[in-house]
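Worksheet for the structure shown next.
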Amino acid sequence: MAFFDWKEEYSVGVKRFDDQHKQLIAMLNELYDAMKGGKAGDVVKPILIKLVQYTKTHFAAEEQVMKAHGYPDYEAHKKEHDELAKQAASLLEQEQQGKAALSIQISNFLKQWLMDHIIGKDKKYGPFLNGKGVR
Ligand SMILES: [Fe+2]
């Protein structure tokens, strides 16, 4: 069993976003494994950078589709994305300055955030977007 397994209950009803969530989860597992294996910062850092970049790409994709279809909860949803992006950027910055002790806590934090966000926010756009023909 991986650190974080995608489950059917995480499905948001839009295939491209389920696929992106699976990709994020795979990257998070890669990060966790590197950290748990006590890999040096020069191994962990590129994984963290890649994860943060992919997260931004994913958020932008969701926001574009929600906005294009006039999703009513767009602003609140985007706000959650922005807050996480800010936290992730700060983590990355601290890490780059050698301040943050790279730890399992980062992986746990990101896992918890992603689970809460998918279930609490992403799953809500599913029926709305499906109604607009987005699947
Ligand atoms: Fe989202």
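Please note that chains go A, B, ... in the order of the structure tokens, that every chain numbers its residues from 1, and that ligands are numbered from 1 in the order shown.
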
Contact residues around region 75-81 of chain A with only C-alpha atoms at 9 Å, ignoring same-chain residues under 6 positions, as a PDB file with N, CA and C atoms, in the first residue's frame:
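To be explicit, this is the file written out as out_34.pdb:
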ATOM      1  N   LYS A  56       0.174  23.858  -9.581  1.00  0.00           N
ATOM      2  CA  LYS A  56      -0.241  25.128 -10.189  1.00  0.00           C
ATOM      3  C   LYS A  56      -0.933  24.891 -11.527  1.00  0.00           C
ATOM      4  N   PHE A  59      -4.407  23.468 -10.784  1.00  0.00           N
ATOM      5  CA  PHE A  59      -5.336  24.480 -10.282  1.00  0.00           C
ATOM      6  C   PHE A  59      -5.804  25.369 -11.438  1.00  0.00           C
ATOM      7  N   GLU A  63      -9.620  25.947 -12.606  1.00  0.00           N
ATOM      8  CA  GLU A  63     -10.168  27.311 -12.568  1.00  0.00           C
ATOM      9  C   GLU A  63     -10.677  27.741 -13.936  1.00  0.00           C
ATOM     10  N   HIS A 117      -9.576  18.907   0.225  1.00  0.00           N
ATOM     11  CA  HIS A 117      -9.973  19.775  -0.893  1.00  0.00           C
ATOM     12  C   HIS A 117     -10.778  18.997  -1.944  1.00  0.00           C
ATOM     13  N   LYS A 121     -14.348  20.363  -1.790  1.00  0.00           N
ATOM     14  CA  LYS A 121     -14.567  21.370  -2.833  1.00  0.00           C
ATOM     15  C   LYS A 121     -14.707  20.772  -4.242  1.00  0.00           C
ATOM     16  N   ASP A 122     -13.714  19.971  -4.645  1.00  0.00           N
ATOM     17  CA  ASP A 122     -13.708  19.486  -6.035  1.00  0.00           C
ATOM     18  C   ASP A 122     -14.932  18.632  -6.358  1.00  0.00           C
TER      19      ASP A 122
END

So which residues touch Ile47 (chain A) within 10 Å, counting only C-alpha atoms, skipping near sequence neighbours fewer than 4 positions away, as a ChimeraX atom specification? /A:27-28,30-32,34,41-43,51-53

Write the residues of the preceding selection, restricted to C-alpha atoms, as a PDB file, in the first residue's frame.
ATOM      1  CA  MET A  27       3.996  12.704  -7.142  1.00  0.00           C
ATOM      2  CA  LEU A  28       3.146  12.976  -3.468  1.00  0.00           C
ATOM      3  CA  GLU A  30       7.299   9.915  -4.764  1.00  0.00           C
ATOM      4  CA  LEU A  31       8.003  12.801  -2.387  1.00  0.00           C
ATOM      5  CA  TYR A  32       7.053  10.745   0.649  1.00  0.00           C
ATOM      6  CA  ALA A  34      12.216  10.075  -0.986  1.00  0.00           C
ATOM      7  CA  GLY A  41      17.921  17.433  -0.160  1.00  0.00           C
ATOM      8  CA  ASP A  42      19.260  17.426  -3.690  1.00  0.00           C
ATOM      9  CA  VAL A  43      17.039  14.436  -4.442  1.00  0.00           C
ATOM     10  CA  LEU A  51       4.965  18.744  -7.376  1.00  0.00           C
ATOM     11  CA  VAL A  52       4.444  22.451  -6.746  1.00  0.00           C
ATOM     12  CA  GLN A  53       4.595  23.219 -10.469  1.00  0.00           C
TER      13      GLN A  53
END

Just give me the gap between CA of Gly37 (chain A) and CA of Ile106 (chain A) in Å, one decimal is fine.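 It comes out at 14.4 Å.
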
Selection near region 83-93 of chain A, 9 Å with only C-alpha atoms, sequence-local residues under 6 positions removed, as a PDB file with C-alpha atoms, in the first residue's frame:
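Writing the result to out36.pdb gives the following:
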ATOM      1  CA  LYS A  45      14.069  19.228  -3.797  1.00  0.00           C
ATOM      2  CA  LEU A  48       9.038  19.041  -4.402  1.00  0.00           C
ATOM      3  CA  ILE A  49       9.557  21.624  -7.172  1.00  0.00           C
ATOM      4  CA  VAL A  52       4.444  22.451  -6.746  1.00  0.00           C
ATOM      5  CA  THR A  55      -0.200  21.651  -8.617  1.00  0.00           C
ATOM      6  CA  LYS A  56      -0.241  25.128 -10.189  1.00  0.00           C
ATOM      7  CA  LYS A  99      15.560  26.410   6.785  1.00  0.00           C
ATOM      8  CA  ALA A 100      12.855  23.806   6.621  1.00  0.00           C
ATOM      9  CA  ILE A 106       5.248  18.126   4.600  1.00  0.00           C
ATOM     10  CA  LEU A 110      -0.117  17.960   1.500  1.00  0.00           C
ATOM     11  CA  TRP A 113      -4.958  19.164   2.252  1.00  0.00           C
TER      12      TRP A 113
END

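Restricting the calculation to only C-alpha atoms and all ligand atoms, the smallest distance between ligand 1 and any of A:Glu95, A:Arg135, A:Pro127, A:Asp73 is found for A:Asp73.
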
Which residue is closest to Lys15 (chain A)? Choose from A:Gly126, A:Gly120, A:Pro46, A:Pro72 and count only C-alpha atoms.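 For Lys15 (chain A), the nearest of the given residues is A:Gly126.
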
Quick one: residues within 9 Å of Val65 (chain A), only C-alpha atoms counted, chain neighbours fewer than 5 positions away excluded, as a VMD selection string? chain A and resid 60 70 to 71 129 134
